[in-house]
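This report concerns only the one structure given below.
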Amino acid sequence: MTAATVVRQGMGAIPHEEGVSFRVWAPHADSVAVIGSFNDWQADTDVMQSEHNGYWFVDIGRAKIGDEYKFLITNGHQRLQRIDPYARQVTNSVGNSVVHDPVFNWGDDSPQLPPWNELVIYEMHVGTFGRDGSGRPANFAGIEKQFQHLQKLGINAIQLMPTAEFAGDISWGYNPAHIFAVESAYGGPVELKEFVKVAHSSGFAVILDVVYNHFGPSDIDMWQFDGWSETGKGGIYFYNDWRSSTPWGDTRPDYGRGEVRQFILDNALMWLDDYHMDGLRMDMTLYMRSVDANGDTEIPDGWSLTQWINREIATRFPGRIVIAEDLQNNEYLTRDESAGGAGFGAQWDAEFVHPVRAVLTTSQDEHRSMWTVRDALCHRYNQDAFERVVYTESHDEVANGKARMPEEINPDDPGDWFAQKRSTLGAVLVMTAPGIPMLFQGQEFLQSDWFNDQVPLDWEQADQFAGIVRLYQDLIALRKNVDRKTGGLIGQHINVYHVNNTEKVLAFHRWASGGPGDDVVIVINFANRAWESYDIGMPRAGEWRLRLSTDWSGYSRSFGDHPSRDVTASPNNRDGYPANASVALAPYSALIYSQQGNTGS
């Protein structure tokens with residue numbers, strides 16, 4: 001390094017007007033060089049200088065954007081070629097690092113995250129959301145072709161399963177090989193930025209799934225990165241003792257080591273800063289804060305790292321959301337750091353998805369517990385309904401031995417009347433429960449079987465079950481209060497006031513501030529029998545307009561068009577409310593009512 005060399009800040013490849021600087025952390029290296037397409041991969045041409053703190057630096061004037069490179073690390077007799085841990089682009093998971101141009105024309109792009117109480121999330125897997133007929137995984141551009149479907153559906157947030165570079169071209173994405181690089185099979189970093197820009201202009205926020213509970217376990221050049229390890233374990237980026245153990249191998253990052261903590265924080269911030277993501281969903285935080293599945297063997301450094309990440313995001317990117325998948329009913333995940341919490345904005349709610357799926361997939365009506373549904377509807381964290389994400393399908397719930405809801409209801413015919421009826425009752429619960437609702441790709445057109453990263457969505461089913469898609473559209477519109485007639489569905493409050501476990505009928509009241517246009521009453525029949533007249537309490541007397549009946553034949557030709565209609569509640573006390581109405585209920589069907597507000601009918 002000459003006296004004139006400018007020591008630039010940053011890690012990995014740092015492009016600038018005069019060339020590219022490189023910095024890498026390799027504390028046990030005897031020497032480090034950069035080899036690449038700019039020096040014919042020669043080992044002695046661009047030797048890095050030690051910065052005497054475990055870091056190595058060099059500035060190379062002839063290097064440029066698009067060049068391929070690796071670090072050549074010498075440790076005793078070991079000569080190790082390594083992909084840059086901070087590489088923003090790689091040729092493939094076992095290929096070369098690529099100098100990526102961070103400059104991108106975002107134009108007037110801005111975050112699109114709605115208020116959290118108005119969010120409707122759609123989880124998708126890039127590789128299977130659409131195919132181009134080539135047999136290869138779908139890419140970001142292929143998803144954009146389906147934006148019209150998503151706009152019509154009405155969702156306002158896309159949650160991408162992990163897009164960090166993984167081993168091979170086909171994967172769920174939860175085996176990250178290079179967490180700063182974007183999966184090359186999906187299109188790479190520029191294409192992801194284009195995707196986010198188009199998504200924002202189309203009215204969608206974008207939330208990205210990130211995996212910090214383990215790396216790999218395959219194709220990870222970070223493993224024994226600079227040639228050092230203890231007891232044959234992972235080296236500088238990983239725990240080298242009993243804390244290394246995860247369900248995916250001995251690949252848990254060392255959350256207690258400052259350089260590794262910074263590495264993970266830098267990654268989280270990169271997605272929000274460089275890629276304009278509106279939020280992150282952090283995969284299985286249980287294995288960041290604990291060694292085992294029971295949460296008994298805690299890792300305090302993992303907990304403090306999530307606190308640090310959430311604190312930095314809240315400070316630098318106010319309004320963005322970070323969602324935890326922990327599934328242990330731990331309200332401290334979403335509690336403020338000042339109160340000992342991890343500071344996540346929301347978390348996936350196992351107290352909703354598991355009991356609701358069990359109730360809906362049970363074949364015998366007598367085994368359905370309305371009290372179980374009541375408890376799932378009312379569950380919340382820290383007294384805030386919107387600290388939980390509610391769903392009946394996710395990538396985890398429809399794989400690993402479990403199938404999509406229609407398949408679970410009727411494995412022999414997942415498109416039959418029973419499967420349509422009961423799976424859409426699940427959609428009603430998701431869209432009317434207090435919380436942030438989430439769908440999994442294809443749920444809206446009764447995609448069956450189980451999730452397989454090699455099998456694309458069957459888009460023909462979107463036409464075959466167009467009526468079911470319409471039902472989801474109508475539910476989402478009510479959930480978002482598009483027509484200003486169902487404001488209670490974006491409110492905090494719920495009262496499950498009618499629980500008939502004998503006849504399997506349940507009714508609940510949702511509201512924000514209360515009153516016409518705000519109060520919403522949902523009545524659900526979980527049994528295979530019809531009612532011509534079923535009495536329930538109502539929040540007030542007067543006319544209540546029927547906003548949706550799931551038995552409408554427009555949703556399915558097999559539905560019965562049961563004569564449900566607007567009702568007039570009389571001033572007679574019932575179910576703890578001052579009014580009473582009689583409603584007509586079809587089998588396995590739901591009715592949604594509200595009163596006329598100031599905006600009309």
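Naming scheme: A, B, ... for chains in displayed order of the structure tokens; residues 1 onward per chain; ligands 1 onward as shown.
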- Task: Can you check which residues of stretch 416-522 of chain A DSSP gives as helix (DSSP H, G or I) on the backbone and send them as number ranges by chain?
- Result: A: 417-432, 443-445, 460-464, 466-479, 487-490
- Message: Set the distance at 9 Å and use only C-alpha atoms: which residues neighbour A:Val583 once local chain neighbours fewer than 5 positions away are removed? I'd like the list as a ChimeraX atom specification.
- Response: /A:523,531-536,564-567,591
- Query: Excluding same-chain residues fewer than 4 positions from stretch 167-181 of chain A, what lies within 9 Å of it counting only C-alpha atoms, as a PyMOL selection string?
  - Reply: chain A and resi 83-90+92-94+97+125+127+136-137+161-163+185-186+188-189+209-212+214-222+248+264+267+270-271+283+395+452-454
- Task: Excluding A:Val398 and any residue of its chain fewer than 4 positions from it, enumerate the residues within 6 Å of it, using only C-alpha atoms, and give them as a PyMOL selection string.
- Result: chain A and resi 402-404+450-451
- Message: Show me, as a PyMOL selection string, the residues that have an atom within 7 Å of A:Arg547 when counting only C-alpha atoms, minus same-chain residues fewer than 2 positions from it.
- Response: chain A and resi 545+592-594
- Task: Could you tell me, as number ranges by chain, which residues of stretch 4-156 of chain A DSSP assigns to strand (DSSP E or B) when given the backbone?
- Result: A: 12-16, 19-25, 31-36, 47, 49-50, 55-60, 68-75, 78-82, 90, 97-98, 121-124
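The list of residues with at least one atom within 9 Å of A:Asp458, based on only C-alpha atoms and without residues fewer than 2 positions apart in the same chain, reads A:Gly130, A:Gly442, A:Gln447, A:Val455, A:Pro456, A:Glu460, A:Gln461, A:Ala462.
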- Shell around stretch 11-15 of chain A at 7 Å using only C-alpha atoms, local window under 3 positions removed, as a count of residues only: 11
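Across A:Gly36, A:Gly341, A:Pro406, A:Gly279, the tightest approach to A:Gln112 is made by A:Gly279 when counting only C-alpha atoms.
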